[in-house]
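A.B. asks: What follows is the file coords.cif, containing mmCIF, C-alpha atoms and all ligand atoms:
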```
data_entry
loop_
_atom_site.label_atom_id
_atom_site.label_comp_id
_atom_site.auth_asym_id
_atom_site.auth_seq_id
_atom_site.Cartn_x
_atom_site.Cartn_y
_atom_site.Cartn_z
CA MET A 29 130.24 117.06 71.77
CA ASP A 30 131.38 117.94 68.29
CA ASN A 31 128.81 116.58 65.84
CA SER A 32 131.12 116.95 62.86
CA LYS A 33 133.08 113.96 64.21
CA ILE A 34 130.13 111.61 63.62
CA PRO A 35 130.36 110.02 60.16
CA GLN A 36 127.47 110.95 57.88
CA ALA A 37 126.37 107.33 57.52
CA THR A 38 126.06 107.12 61.31
CA ALA A 39 124.26 110.46 61.51
CA LYS A 40 121.67 109.23 59.02
CA ARG A 41 120.79 106.34 61.33
CA LEU A 42 120.30 108.53 64.39
CA PRO A 43 116.61 109.31 63.79
CA LEU A 44 115.97 105.59 63.38
CA TYR A 45 117.66 104.77 66.69
CA TYR A 46 115.96 107.68 68.34
CA ARG A 47 112.47 106.59 67.31
CA PHE A 48 112.98 103.05 68.57
CA LEU A 49 114.55 104.10 71.87
CA ASN A 50 111.75 106.58 72.44
CA ASN A 51 109.23 103.74 72.09
CA LEU A 52 111.22 101.59 74.53
CA ASN A 53 111.35 104.45 76.99
CA HIS A 54 107.58 104.89 76.78
CA GLN A 55 107.23 101.20 77.59
CA GLY A 56 109.33 101.80 80.68
CA LYS A 57 112.36 99.84 79.47
CA LYS A 58 115.63 100.79 81.11
CA ARG A 59 118.09 99.00 78.90
CA VAL A 60 118.43 97.40 75.52
CA SER A 61 120.91 94.98 74.00
CA SER A 62 122.52 95.62 70.63
CA LYS A 63 120.85 92.42 69.40
CA GLU A 64 117.39 93.75 70.32
CA LEU A 65 118.18 97.08 68.69
CA SER A 66 119.54 95.34 65.64
CA ASP A 67 116.40 93.23 65.17
CA ALA A 68 114.16 96.24 65.56
CA VAL A 69 115.91 98.77 63.35
CA LYS A 70 117.37 96.24 60.87
CA VAL A 71 120.93 97.41 61.21
CA ASP A 72 123.55 94.76 62.00
CA SER A 73 124.79 94.78 65.58
CA ALA A 74 128.44 95.43 64.66
CA THR A 75 127.37 98.64 62.92
CA ILE A 76 125.24 99.61 65.91
CA ARG A 77 128.17 99.08 68.27
CA ARG A 78 130.43 101.15 66.04
CA ASP A 79 127.80 103.90 65.72
CA PHE A 80 127.24 104.02 69.45
CA SER A 81 130.94 104.16 70.20
CA TYR A 82 130.96 107.61 68.54
CA PHE A 83 128.49 108.79 71.18
CA GLY A 84 130.61 107.50 74.01
CA ALA A 85 127.91 104.92 74.73
CA LEU A 86 129.72 101.71 75.45
CA GLY A 87 127.35 98.83 75.99
CA LYS A 88 128.28 96.50 78.81
CA LYS A 89 128.36 92.76 78.20
CA GLY A 90 125.22 91.16 79.54
CA TYR A 91 123.69 94.54 80.31
CA GLY A 92 123.34 96.34 77.00
CA TYR A 93 122.80 100.06 76.63
CA ASN A 94 121.16 102.45 79.01
CA VAL A 95 118.01 103.70 77.26
CA GLU A 96 117.78 106.99 79.14
CA TYR A 97 121.40 107.88 78.52
CA LEU A 98 121.09 107.20 74.79
CA LEU A 99 117.83 109.10 74.53
CA GLY A 100 119.32 112.11 76.26
CA PHE A 101 122.21 112.03 73.86
CA PHE A 102 120.03 111.68 70.76
CA ARG A 103 117.70 114.41 71.91
CA LYS A 104 120.59 116.82 72.19
CA THR A 105 122.31 115.71 69.02
CA LEU A 106 119.17 115.74 66.92
CA ASP A 107 118.10 119.05 68.48
CA GLN A 108 114.89 117.44 69.62
CA ASP A 109 114.52 120.12 72.26
CA GLU A 110 114.27 122.65 69.49
CA LEU A 111 111.23 122.80 67.22
CA THR A 112 112.01 123.20 63.53
CA ASN A 113 109.36 124.84 61.44
CA VAL A 114 109.03 123.74 57.85
CA ALA A 115 107.18 125.15 54.83
CA LEU A 116 105.51 122.92 52.25
CA ILE A 117 105.31 124.12 48.67
CA GLY A 118 102.72 122.55 46.37
CA VAL A 119 99.50 121.32 47.98
CA GLY A 120 98.65 118.59 45.45
CA ASN A 121 98.05 114.93 46.30
CA LEU A 122 101.45 114.34 47.85
CA GLY A 123 101.62 117.72 49.57
CA THR A 124 98.18 117.23 51.10
CA ALA A 125 99.24 113.84 52.45
CA PHE A 126 102.21 115.50 54.17
CA LEU A 127 99.98 118.15 55.68
CA HIS A 128 97.90 115.37 57.25
CA TYR A 129 100.94 113.46 58.44
CA ASN A 130 101.88 114.06 62.05
CA PHE A 131 105.63 114.62 61.90
CA MET A 132 105.58 115.67 65.55
CA LYS A 133 104.84 112.11 66.63
CA ASN A 134 108.47 111.09 66.19
CA ASN A 135 110.23 114.27 65.28
CA ASN A 136 110.40 117.78 66.47
CA THR A 137 109.55 119.18 63.06
CA ARG A 138 106.30 120.77 62.04
CA ILE A 139 104.86 122.00 58.78
CA MET A 140 103.75 125.42 59.85
CA MET A 141 102.68 126.85 56.49
CA ALA A 142 102.10 125.83 52.90
CA PHE A 143 102.06 127.57 49.53
CA ASP A 144 100.32 126.89 46.24
CA ALA A 145 99.86 128.67 42.92
CA ASP A 146 96.17 127.75 42.77
CA PRO A 147 94.05 130.44 44.51
CA ASN A 148 91.36 127.80 45.14
CA LYS A 149 93.74 126.01 47.48
CA THR A 150 94.65 128.97 49.66
CA GLY A 151 93.10 129.44 53.08
CA THR A 152 93.42 127.18 56.09
CA ASN A 153 93.25 123.45 55.66
CA SER A 154 91.56 120.96 57.98
CA ASP A 155 94.81 120.42 59.91
CA GLY A 156 94.97 124.12 60.74
CA VAL A 157 97.95 124.81 58.49
CA PRO A 158 97.61 128.11 56.62
CA ILE A 159 97.98 127.78 52.82
CA TYR A 160 99.21 130.98 51.19
CA HIS A 161 99.50 131.95 47.57
CA ILE A 162 102.97 131.30 46.17
CA ASP A 163 103.25 135.01 45.30
CA ASP A 164 103.43 135.71 49.04
CA LEU A 165 106.30 133.26 49.70
CA GLU A 166 108.96 135.77 50.75
CA GLU A 167 106.48 137.80 52.79
CA LYS A 168 105.16 134.82 54.80
CA MET A 169 108.21 132.62 55.34
CA GLY A 170 109.41 134.53 58.41
CA ASP A 171 112.20 132.54 60.07
CA VAL A 172 111.41 129.25 58.29
CA ARG A 173 114.58 127.89 56.68
CA VAL A 174 113.50 124.39 55.62
CA ALA A 175 111.12 123.58 52.77
CA ILE A 176 109.44 120.49 51.35
CA LEU A 177 108.98 120.69 47.61
CA THR A 178 105.93 118.90 46.17
CA VAL A 179 105.27 121.04 43.11
CA PRO A 180 105.26 119.67 39.53
CA SER A 181 108.79 119.10 38.12
CA ASN A 182 108.58 122.01 35.72
CA ALA A 183 108.06 124.45 38.60
CA ALA A 184 110.80 123.01 40.84
CA GLN A 185 113.81 125.07 39.73
CA GLU A 186 111.95 128.37 39.65
CA ILE A 187 110.63 127.86 43.18
CA THR A 188 114.07 126.68 44.30
CA ASN A 189 115.65 129.88 42.98
CA ARG A 190 113.19 131.93 45.00
CA LEU A 191 113.84 129.88 48.11
CA VAL A 192 117.60 130.28 47.67
CA GLU A 193 117.23 134.01 47.14
CA PHE A 194 115.15 134.11 50.31
CA GLY A 195 117.89 132.36 52.29
CA ILE A 196 116.67 128.77 52.65
CA ASP A 197 119.01 126.27 54.39
CA GLY A 198 117.54 122.93 53.33
CA ILE A 199 115.11 121.54 50.76
CA LEU A 200 113.49 118.13 50.81
CA ASN A 201 112.82 117.65 47.12
CA PHE A 202 110.02 115.22 46.24
CA THR A 203 109.89 116.27 42.61
CA PRO A 204 111.72 114.12 40.04
CA ALA A 205 113.60 117.28 38.95
CA ARG A 206 117.28 117.52 39.88
CA ILE A 207 117.44 121.03 41.22
CA THR A 208 120.52 123.24 41.23
CA VAL A 209 121.44 125.15 44.38
CA PRO A 210 124.54 126.95 45.69
CA SER A 211 126.95 124.83 47.76
CA ASP A 212 125.70 126.20 51.08
CA VAL A 213 122.14 124.92 50.57
CA ARG A 214 121.48 121.29 51.41
CA VAL A 215 119.08 119.34 49.18
CA HIS A 216 117.83 115.87 49.99
CA HIS A 217 116.12 114.28 47.05
CA ILE A 218 113.41 111.66 47.45
CA ASP A 219 112.05 110.27 44.21
CA LEU A 220 109.34 107.80 45.16
CA ALA A 221 109.02 106.38 41.64
CA ILE A 222 112.74 105.63 41.47
CA GLU A 223 112.77 104.08 44.93
CA LEU A 224 109.94 101.78 43.94
CA GLN A 225 111.64 100.86 40.69
CA ALA A 226 114.86 100.11 42.58
CA LEU A 227 112.98 97.87 45.01
CA VAL A 228 111.42 95.88 42.16
CA TYR A 229 114.83 95.59 40.47
CA PHE A 230 116.46 94.34 43.66
CA LEU A 231 113.68 91.82 44.24
CA LYS A 232 114.35 90.41 40.79
CA HIS A 233 118.12 90.43 40.77
CA TYR A 234 119.17 90.24 44.40
CA PRO A 235 116.78 87.80 46.07
CA LEU A 236 117.13 87.74 49.84
CA ILE A 237 118.36 84.58 51.47
CA GLU A 238 116.04 83.30 54.12
CA ASP A 239 117.42 82.83 57.63
CA GLU A 240 117.86 79.26 58.77
P1 LIG B 301 101.05 115.54 43.33
O1 LIG B 301 102.19 115.65 42.35
O2 LIG B 301 101.43 116.11 44.68
O3 LIG B 301 100.39 114.24 43.43
P2 LIG B 301 98.91 116.66 41.81
O4 LIG B 301 98.99 115.64 40.77
O5 LIG B 301 97.65 116.84 42.55
O6 LIG B 301 100.00 116.59 42.90
P3 LIG B 301 100.66 118.56 40.52
O7 LIG B 301 100.30 119.01 39.15
O8 LIG B 301 101.80 117.67 40.69
O9 LIG B 301 99.32 118.04 41.19
O10 LIG B 301 100.86 119.87 41.40
C1 LIG B 301 101.09 119.81 42.78
C2 LIG B 301 100.62 121.10 43.38
O11 LIG B 301 101.55 122.13 43.08
C3 LIG B 301 99.26 121.57 42.88
O12 LIG B 301 98.44 121.87 43.99
C4 LIG B 301 99.58 122.82 42.06
O13 LIG B 301 98.54 123.78 42.17
C5 LIG B 301 100.84 123.31 42.73
N1 LIG B 301 101.69 124.15 41.87
C6 LIG B 301 101.91 124.06 40.55
N2 LIG B 301 102.79 125.00 40.14
C7 LIG B 301 103.16 125.68 41.24
C8 LIG B 301 104.03 126.77 41.49
N3 LIG B 301 104.73 127.36 40.52
N4 LIG B 301 104.14 127.22 42.75
C9 LIG B 301 103.43 126.66 43.75
N5 LIG B 301 102.59 125.63 43.59
C10 LIG B 301 102.45 125.15 42.35
#
```
What do you get writing this file as structure tokens?
Ligand code: ATP
C.D. replies:
Amino acid sequence: MDNSKIPQATAKRLPLYYRFLNNLNHQGKKRVSSKELSDAVKVDSATIRRDFSYFGALGKKGYGYNVEYLLGFFRKTLDQDELTNVALIGVGNLGTAFLHYNFMKNNNTRIMMAFDADPNKTGTNSDGVPIYHIDDLEEKMGDVRVAILTVPSNAAQEITNRLVEFGIDGILNFTPARITVPSDVRVHHIDLAIELQALVYFLKHYPLIEDE
């Protein structure tokens, strides 16, 4: 099917659905209702039904959705059959945490190499991921086209320029710096400090109403 037909908001929820359905499948569940899904992934059931209608998955009344069918669809759509190798740049506190984190558990992505400017950090870490000196970036990247950026803000743009020059496709930017890239490079920006601040602001100004 043509993925460009799926709205971006729906596409963003796919990994969430996928993770939950995968768990259900492991538990041997054959079907799931939109209510069950909704409770588990915290997306309202009308949205779930609309999302799923884009995949041609029409839940039957009193039956729900077929778990295997949905999983098969998500696997294909999310390219779960294909392993995506990722490079991590900046092995500080945050970068080290990512190296320890097992992305493979739910995703078919893997940090296969890391880079740092500090020669004391190069070598192979305890997770078996090689850490190269940043000077060797272009030489070592091989066919890796996705990078996680966990360097200090003041190094973010310079590293980004090198990645762009190299031919990177996507950057997950964890630095607070707003980096500039050409229009054919996708950047997703995750600023943990801002997310936390937003949460605190919402707690104060938009209190949640308890269910009856
Ligand atoms: P974090 O921000 O992840 O908590 P930290 O406080 O330990 O890390 P930072 O100063 O933010 O350290 O640096 C993160 C990592 O980025 C460090 O390991 C540092 O050596 C590395 N680093 C700094 N400049 C560069 C650069 N130009 N290229 C690659 N790595 C760099």
A.B. asks: Work out how far CA of Ala183 (chain A) is from CA of Asp212 (chain A), in Å to one decimal.
C.D. replies: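 About the pair CA of Asp212 (chain A) and CA of Ala183 (chain A): they are 21.7 Å apart.
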A.B. asks: Smallest atom-to-atom distance to Thr150 (chain A): which of A:Pro35, A:Arg59, A:Gly120, A:Ile176, using all atoms listed in the file?
C.D. replies: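 Distance minimum relative to Thr150 (chain A) lands on A:Gly120.
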A.B. asks: Dump as JSON lines the rows for residues of chain A within 8 Å of ligand LIG 301 (chain B): closest atom pair and distance in Å with one decimal, all atoms listed in the file counted, ordered by chain and rising residue number.
C.D. replies:
```
{"residue": "A:Ile117", "atom": "CA", "partner": "B:LIG301", "partner_atom": "C9", "distance": 5.8}
{"residue": "A:Gly118", "atom": "CA", "partner": "B:LIG301", "partner_atom": "O11", "distance": 3.5}
{"residue": "A:Val119", "atom": "CA", "partner": "B:LIG301", "partner_atom": "O12", "distance": 4.2}
{"residue": "A:Gly120", "atom": "CA", "partner": "B:LIG301", "partner_atom": "O6", "distance": 3.5}
{"residue": "A:Asn121", "atom": "CA", "partner": "B:LIG301", "partner_atom": "O3", "distance": 3.8}
{"residue": "A:Leu122", "atom": "CA", "partner": "B:LIG301", "partner_atom": "O2", "distance": 3.6}
{"residue": "A:Gly123", "atom": "CA", "partner": "B:LIG301", "partner_atom": "O2", "distance": 5.2}
{"residue": "A:Thr124", "atom": "CA", "partner": "B:LIG301", "partner_atom": "O2", "distance": 7.3}
{"residue": "A:Phe143", "atom": "CA", "partner": "B:LIG301", "partner_atom": "C9", "distance": 6.0}
{"residue": "A:Asp144", "atom": "CA", "partner": "B:LIG301", "partner_atom": "N5", "distance": 3.7}
{"residue": "A:Ala145", "atom": "CA", "partner": "B:LIG301", "partner_atom": "N5", "distance": 4.1}
{"residue": "A:Asp146", "atom": "CA", "partner": "B:LIG301", "partner_atom": "O13", "distance": 4.7}
{"residue": "A:Lys149", "atom": "CA", "partner": "B:LIG301", "partner_atom": "O12", "distance": 7.2}
{"residue": "A:His161", "atom": "CA", "partner": "B:LIG301", "partner_atom": "C9", "distance": 7.6}
{"residue": "A:Ile162", "atom": "CA", "partner": "B:LIG301", "partner_atom": "C9", "distance": 5.3}
{"residue": "A:Thr178", "atom": "CA", "partner": "B:LIG301", "partner_atom": "O2", "distance": 5.5}
{"residue": "A:Val179", "atom": "CA", "partner": "B:LIG301", "partner_atom": "O11", "distance": 3.9}
{"residue": "A:Pro180", "atom": "CA", "partner": "B:LIG301", "partner_atom": "O8", "distance": 4.2}
{"residue": "A:Ser181", "atom": "CA", "partner": "B:LIG301", "partner_atom": "O8", "distance": 7.6}
{"residue": "A:Asn182", "atom": "CA", "partner": "B:LIG301", "partner_atom": "N2", "distance": 7.9}
{"residue": "A:Ala183", "atom": "CA", "partner": "B:LIG301", "partner_atom": "N3", "distance": 4.8}
{"residue": "A:Ala184", "atom": "CA", "partner": "B:LIG301", "partner_atom": "N3", "distance": 7.5}
{"residue": "A:Glu186", "atom": "CA", "partner": "B:LIG301", "partner_atom": "N3", "distance": 7.3}
{"residue": "A:Ile187", "atom": "CA", "partner": "B:LIG301", "partner_atom": "N3", "distance": 6.5}
{"residue": "A:Thr203", "atom": "CA", "partner": "B:LIG301", "partner_atom": "O1", "distance": 7.7}
```
A.B. asks: To one decimal place in Å, what is the distance between CA of His217 (chain A) and CA of Pro204 (chain A)?
C.D. replies: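 Separating CA of His217 (chain A) from CA of Pro204 (chain A) is a distance of 8.3 Å.
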A.B. asks: Skip Ile76 (chain A) itself and residues of its chain fewer than 4 positions away, then list as an NGL selection string all residues within 9 Å of it, counting all atoms listed in the file.
C.D. replies: :A and (38 or 62 or 65-66 or 71-72 or 80-81)
A.B. asks: Generate the coordinates of N, CA, C and O atoms for region 191-207 of chain A; report them as an mmCIF file, in the frame of the given file.
C.D. replies:
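See out_6.cif below for the written result:
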```
data_model
loop_
_atom_site.group_PDB
_atom_site.id
_atom_site.type_symbol
_atom_site.label_atom_id
_atom_site.label_comp_id
_atom_site.auth_asym_id
_atom_site.auth_seq_id
_atom_site.Cartn_x
_atom_site.Cartn_y
_atom_site.Cartn_z
ATOM 1 N N LEU A 191 113.507 130.299 46.743
ATOM 2 C CA LEU A 191 113.840 129.880 48.110
ATOM 3 C C LEU A 191 115.297 130.228 48.433
ATOM 4 O O LEU A 191 115.604 130.704 49.529
ATOM 5 N N VAL A 192 116.176 129.995 47.477
ATOM 6 C CA VAL A 192 117.600 130.280 47.670
ATOM 7 C C VAL A 192 117.787 131.781 47.889
ATOM 8 O O VAL A 192 118.466 132.215 48.824
ATOM 9 N N GLU A 193 117.168 132.546 47.037
ATOM 10 C CA GLU A 193 117.230 134.010 47.140
ATOM 11 C C GLU A 193 116.739 134.470 48.517
ATOM 12 O O GLU A 193 117.301 135.365 49.132
ATOM 13 N N PHE A 194 115.723 133.772 49.007
ATOM 14 C CA PHE A 194 115.150 134.110 50.310
ATOM 15 C C PHE A 194 116.110 133.766 51.449
ATOM 16 O O PHE A 194 116.110 134.398 52.494
ATOM 17 N N GLY A 195 116.938 132.738 51.243
ATOM 18 C CA GLY A 195 117.890 132.360 52.290
ATOM 19 C C GLY A 195 117.593 131.003 52.932
ATOM 20 O O GLY A 195 117.906 130.764 54.102
ATOM 21 N N ILE A 196 117.005 130.109 52.131
ATOM 22 C CA ILE A 196 116.670 128.770 52.650
ATOM 23 C C ILE A 196 117.953 127.993 53.012
ATOM 24 O O ILE A 196 118.996 128.209 52.397
ATOM 25 N N ASP A 197 117.864 127.105 54.022
ATOM 26 C CA ASP A 197 119.010 126.270 54.390
ATOM 27 C C ASP A 197 118.924 124.876 53.786
ATOM 28 O O ASP A 197 119.926 124.292 53.397
ATOM 29 N N GLY A 198 117.690 124.315 53.777
ATOM 30 C CA GLY A 198 117.540 122.930 53.330
ATOM 31 C C GLY A 198 116.240 122.728 52.576
ATOM 32 O O GLY A 198 115.223 123.342 52.898
ATOM 33 N N ILE A 199 116.307 121.863 51.559
ATOM 34 C CA ILE A 199 115.110 121.540 50.760
ATOM 35 C C ILE A 199 114.972 120.032 50.671
ATOM 36 O O ILE A 199 115.928 119.331 50.326
ATOM 37 N N LEU A 200 113.785 119.539 51.018
ATOM 38 C CA LEU A 200 113.490 118.130 50.810
ATOM 39 C C LEU A 200 112.702 118.053 49.500
ATOM 40 O O LEU A 200 111.533 118.456 49.444
ATOM 41 N N ASN A 201 113.373 117.578 48.466
ATOM 42 C CA ASN A 201 112.820 117.650 47.120
ATOM 43 C C ASN A 201 112.111 116.353 46.733
ATOM 44 O O ASN A 201 112.754 115.335 46.491
ATOM 45 N N PHE A 202 110.797 116.401 46.652
ATOM 46 C CA PHE A 202 110.020 115.220 46.240
ATOM 47 C C PHE A 202 109.695 115.244 44.760
ATOM 48 O O PHE A 202 108.970 114.375 44.290
ATOM 49 N N THR A 203 110.160 116.244 44.046
ATOM 50 C CA THR A 203 109.890 116.270 42.610
ATOM 51 C C THR A 203 110.976 115.446 41.913
ATOM 52 O O THR A 203 112.090 115.345 42.422
ATOM 53 N N PRO A 204 110.677 114.875 40.750
ATOM 54 C CA PRO A 204 111.720 114.120 40.040
ATOM 55 C C PRO A 204 112.818 115.030 39.497
ATOM 56 O O PRO A 204 113.853 114.550 39.084
ATOM 57 N N ALA A 205 112.598 116.351 39.512
ATOM 58 C CA ALA A 205 113.600 117.280 38.950
ATOM 59 C C ALA A 205 114.835 117.337 39.829
ATOM 60 O O ALA A 205 114.744 117.365 41.050
ATOM 61 N N ARG A 206 116.013 117.330 39.173
ATOM 62 C CA ARG A 206 117.280 117.520 39.880
ATOM 63 C C ARG A 206 117.508 119.019 39.947
ATOM 64 O O ARG A 206 117.804 119.641 38.933
ATOM 65 N N ILE A 207 117.360 119.582 41.131
ATOM 66 C CA ILE A 207 117.440 121.030 41.220
ATOM 67 C C ILE A 207 118.868 121.487 41.512
ATOM 68 O O ILE A 207 119.642 120.764 42.134
#
```
